[in-house]
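This is query21.pdb. It holds PDB, C-alpha atoms.
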ATOM      1  CA  VAL A  14     278.225-110.658  87.931  1.00  0.00           C
ATOM      2  CA  SER A  15     278.681-108.408  84.940  1.00  0.00           C
ATOM      3  CA  ALA A  16     275.831-107.635  82.557  1.00  0.00           C
ATOM      4  CA  ARG A  17     277.429-109.833  79.901  1.00  0.00           C
ATOM      5  CA  GLU A  18     277.762-112.754  82.328  1.00  0.00           C
ATOM      6  CA  GLY A  19     274.150-112.263  83.445  1.00  0.00           C
ATOM      7  CA  PHE A  20     273.113-112.429  79.797  1.00  0.00           C
ATOM      8  CA  GLU A  21     275.133-115.607  79.262  1.00  0.00           C
ATOM      9  CA  LEU A  22     273.583-117.141  82.400  1.00  0.00           C
ATOM     10  CA  GLY A  23     270.108-116.290  81.144  1.00  0.00           C
ATOM     11  CA  PHE A  24     268.845-113.791  83.722  1.00  0.00           C
ATOM     12  CA  VAL A  25     269.607-110.660  81.697  1.00  0.00           C
ATOM     13  CA  ASN A  26     267.534-110.198  78.551  1.00  0.00           C
ATOM     14  CA  GLU A  27     269.829-107.850  76.685  1.00  0.00           C
ATOM     15  CA  VAL A  28     273.086-105.967  77.144  1.00  0.00           C
ATOM     16  CA  ALA A  29     272.806-102.437  75.780  1.00  0.00           C
ATOM     17  CA  PRO A  30     275.676-100.849  73.879  1.00  0.00           C
ATOM     18  CA  ASP A  31     277.378 -97.914  75.616  1.00  0.00           C
ATOM     19  CA  GLY A  32     275.059 -94.925  75.742  1.00  0.00           C
ATOM     20  CA  GLU A  33     272.002 -96.933  74.673  1.00  0.00           C
ATOM     21  CA  ALA A  34     270.739 -98.227  78.044  1.00  0.00           C
ATOM     22  CA  LEU A  35     267.790 -95.814  78.265  1.00  0.00           C
ATOM     23  CA  ARG A  36     266.640 -96.546  74.708  1.00  0.00           C
ATOM     24  CA  VAL A  37     266.838-100.290  75.312  1.00  0.00           C
ATOM     25  CA  ALA A  38     265.069 -99.991  78.700  1.00  0.00           C
ATOM     26  CA  GLU A  39     262.256 -97.980  77.103  1.00  0.00           C
ATOM     27  CA  ARG A  40     261.829-100.628  74.396  1.00  0.00           C
ATOM     28  CA  TRP A  41     261.606-103.363  77.053  1.00  0.00           C
ATOM     29  CA  ALA A  42     259.169-101.255  79.109  1.00  0.00           C
ATOM     30  CA  GLU A  43     256.953-100.813  76.055  1.00  0.00           C
ATOM     31  CA  MET A  44     256.865-104.596  75.504  1.00  0.00           C
ATOM     32  CA  ILE A  45     256.128-105.274  79.183  1.00  0.00           C
ATOM     33  CA  CYS A  46     253.315-102.715  79.237  1.00  0.00           C
ATOM     34  CA  LYS A  47     251.478-104.613  76.492  1.00  0.00           C
ATOM     35  CA  ASN A  48     250.819-107.385  79.031  1.00  0.00           C
ATOM     36  CA  SER A  49     248.000-107.505  81.534  1.00  0.00           C
ATOM     37  CA  PRO A  50     248.614-105.036  84.369  1.00  0.00           C
ATOM     38  CA  MET A  51     247.471-107.742  86.776  1.00  0.00           C
ATOM     39  CA  SER A  52     250.007-110.174  85.335  1.00  0.00           C
ATOM     40  CA  ILE A  53     252.808-107.616  85.652  1.00  0.00           C
ATOM     41  CA  ARG A  54     251.842-106.924  89.272  1.00  0.00           C
ATOM     42  CA  ALA A  55     251.702-110.655  90.066  1.00  0.00           C
ATOM     43  CA  SER A  56     255.078-111.260  88.425  1.00  0.00           C
ATOM     44  CA  LYS A  57     256.701-108.433  90.382  1.00  0.00           C
ATOM     45  CA  GLN A  58     255.214-109.651  93.663  1.00  0.00           C
ATOM     46  CA  THR A  59     256.362-113.210  92.988  1.00  0.00           C
ATOM     47  CA  VAL A  60     259.931-112.102  92.300  1.00  0.00           C
ATOM     48  CA  VAL A  61     260.164-109.790  95.301  1.00  0.00           C
ATOM     49  CA  ARG A  62     258.647-112.261  97.766  1.00  0.00           C
ATOM     50  CA  GLY A  63     260.654-115.173  96.410  1.00  0.00           C
ATOM     51  CA  LEU A  64     264.073-113.543  96.486  1.00  0.00           C
ATOM     52  CA  ASP A  65     264.978-114.818  99.953  1.00  0.00           C
ATOM     53  CA  LEU A  66     263.311-118.223  99.678  1.00  0.00           C
ATOM     54  CA  PRO A  67     264.576-121.525  98.323  1.00  0.00           C
ATOM     55  CA  LEU A  68     263.264-122.021  94.787  1.00  0.00           C
ATOM     56  CA  ALA A  69     260.969-124.942  95.679  1.00  0.00           C
ATOM     57  CA  GLN A  70     259.380-122.969  98.515  1.00  0.00           C
ATOM     58  CA  ALA A  71     258.956-119.844  96.391  1.00  0.00           C
ATOM     59  CA  MET A  72     257.269-121.847  93.656  1.00  0.00           C
ATOM     60  CA  ALA A  73     255.006-123.662  96.125  1.00  0.00           C
ATOM     61  CA  GLU A  74     253.903-120.442  97.842  1.00  0.00           C
ATOM     62  CA  GLN A  75     253.428-118.134  94.864  1.00  0.00           C
ATOM     63  CA  CYS A  76     249.772-119.066  94.311  1.00  0.00           C
ATOM     64  CA  ASP A  77     249.031-117.718  97.794  1.00  0.00           C
ATOM     65  CA  TYR A  78     250.395-114.235  97.050  1.00  0.00           C
ATOM     66  CA  PRO A  79     247.587-111.629  96.887  1.00  0.00           C
ATOM     67  CA  ALA A  80     248.454-110.279  93.429  1.00  0.00           C
ATOM     68  CA  VAL A  81     248.725-113.812  91.994  1.00  0.00           C
ATOM     69  CA  LYS A  82     245.374-114.822  93.503  1.00  0.00           C
ATOM     70  CA  ALA A  83     243.727-111.675  92.161  1.00  0.00           C
ATOM     71  CA  MET A  84     245.165-112.290  88.690  1.00  0.00           C
ATOM     72  CA  MET A  85     244.045-115.918  88.643  1.00  0.00           C
ATOM     73  CA  GLU A  86     240.500-114.876  89.600  1.00  0.00           C
ATOM     74  CA  SER A  87     240.349-112.047  87.055  1.00  0.00           C
ATOM     75  CA  GLU A  88     238.732-111.611  83.679  1.00  0.00           C
ATOM     76  CA  ASP A  89     242.221-110.933  82.303  1.00  0.00           C
ATOM     77  CA  PHE A  90     243.210-114.492  83.245  1.00  0.00           C
ATOM     78  CA  VAL A  91     240.556-115.704  80.783  1.00  0.00           C
ATOM     79  CA  GLU A  92     241.116-112.957  78.199  1.00  0.00           C
ATOM     80  CA  GLY A  93     244.788-113.744  77.557  1.00  0.00           C
ATOM     81  CA  PRO A  94     244.387-117.348  76.379  1.00  0.00           C
ATOM     82  CA  LYS A  95     241.103-116.476  74.625  1.00  0.00           C
ATOM     83  CA  ALA A  96     242.741-113.679  72.624  1.00  0.00           C
ATOM     84  CA  PHE A  97     245.658-115.976  71.775  1.00  0.00           C
ATOM     85  CA  ALA A  98     243.292-118.712  70.546  1.00  0.00           C
ATOM     86  CA  GLU A  99     241.348-116.178  68.497  1.00  0.00           C
ATOM     87  CA  GLN A 100     244.610-114.725  67.112  1.00  0.00           C
ATOM     88  CA  ARG A 101     243.815-111.181  68.209  1.00  0.00           C
ATOM     89  CA  PRO A 102     245.360-108.684  70.603  1.00  0.00           C
ATOM     90  CA  PRO A 103     244.020-109.031  74.151  1.00  0.00           C
ATOM     91  CA  LYS A 104     241.743-106.401  75.671  1.00  0.00           C
ATOM     92  CA  TRP A 105     243.045-106.124  79.229  1.00  0.00           C
ATOM     93  CA  LEU A 106     240.466-104.975  81.753  1.00  0.00           C
ATOM     94  CA  GLY A 107     242.672-105.018  84.834  1.00  0.00           C
ATOM     95  CA  GLN A 108     239.983-106.873  86.731  1.00  0.00           C
TER      96      GLN A 108
END

Let's see the structure in the file written out as structure tokens.
Amino acid sequence: VSAREGFELGFVNEVAPDGEALRVAERWAEMICKNSPMSIRASKQTVVRGLDLPLAQAMAEQCDYPAVKAMMESEDFVEGPKAFAEQRPPKWLGQ
């Protein structure tokens, strides 16, 4: 599918104007990097491992993935909702 069609289908976040792809990618990278490193790792592992699985199976198995387990057992897993409730930026520890 084209970038525009991917955007319309909802799996592309933004279509960059000609010559602006790097600037747009850097902006998205900056936003992503504000999240917990453990959460980013778990998200990437979930996507990669789930690519070749039926959706229901991928969703059922994701809690068994090592990066997801580590994230769910981490201090960051508590820090995110706590920071949100306290209306402050989170202090990610990566552990």

**Report entry** Residues selected by the PyMOL selection byres ((chain A and resi 29) around 12), written as a PyMOL selection string
**Finding:** chain A and resi 16-17+20+25-28+30-41

**Report entry** Polymer residues at most 9 Å from stretch 47-56 of chain A, all atoms listed in the file, same-chain spacing of 4 or more positions, as a list in words
**Finding:** Ala42, Glu43, Val60, Val61, Tyr78, Pro79, Ala80, Val81, Lys82, Ala83, Met84, Met85, Ser87, Asp89, Phe90, Gly93, Pro103, Lys104, Trp105, Leu106, Gly107 and Gln108 of chain A

Which centre and edge lengths in Å to one decimal define the box along x, y and z that fits every listed atom of stretch 35-38 of chain A plus 5 Å per side, as JSON?
{"center_x": 266.4, "center_y": -98.1, "center_z": 76.7, "size_x": 12.7, "size_y": 14.5, "size_z": 14.0}

Report task. Could you please determine the separation between atom CA of A:Thr59 and atom CA of A:Asp77 in Å, to one decimal place? Result -> 9.9 Å

Report task. Could you check how far atom CA of A:Phe97 sits from atom CA of A:Gln75, in Å to one decimal? Result -> 24.5 Å

Query raised in the report: To one decimal place, how far is atom CA of A:Ile45 from atom CA of A:Gln58 in Å?
Result: 15.2 Å
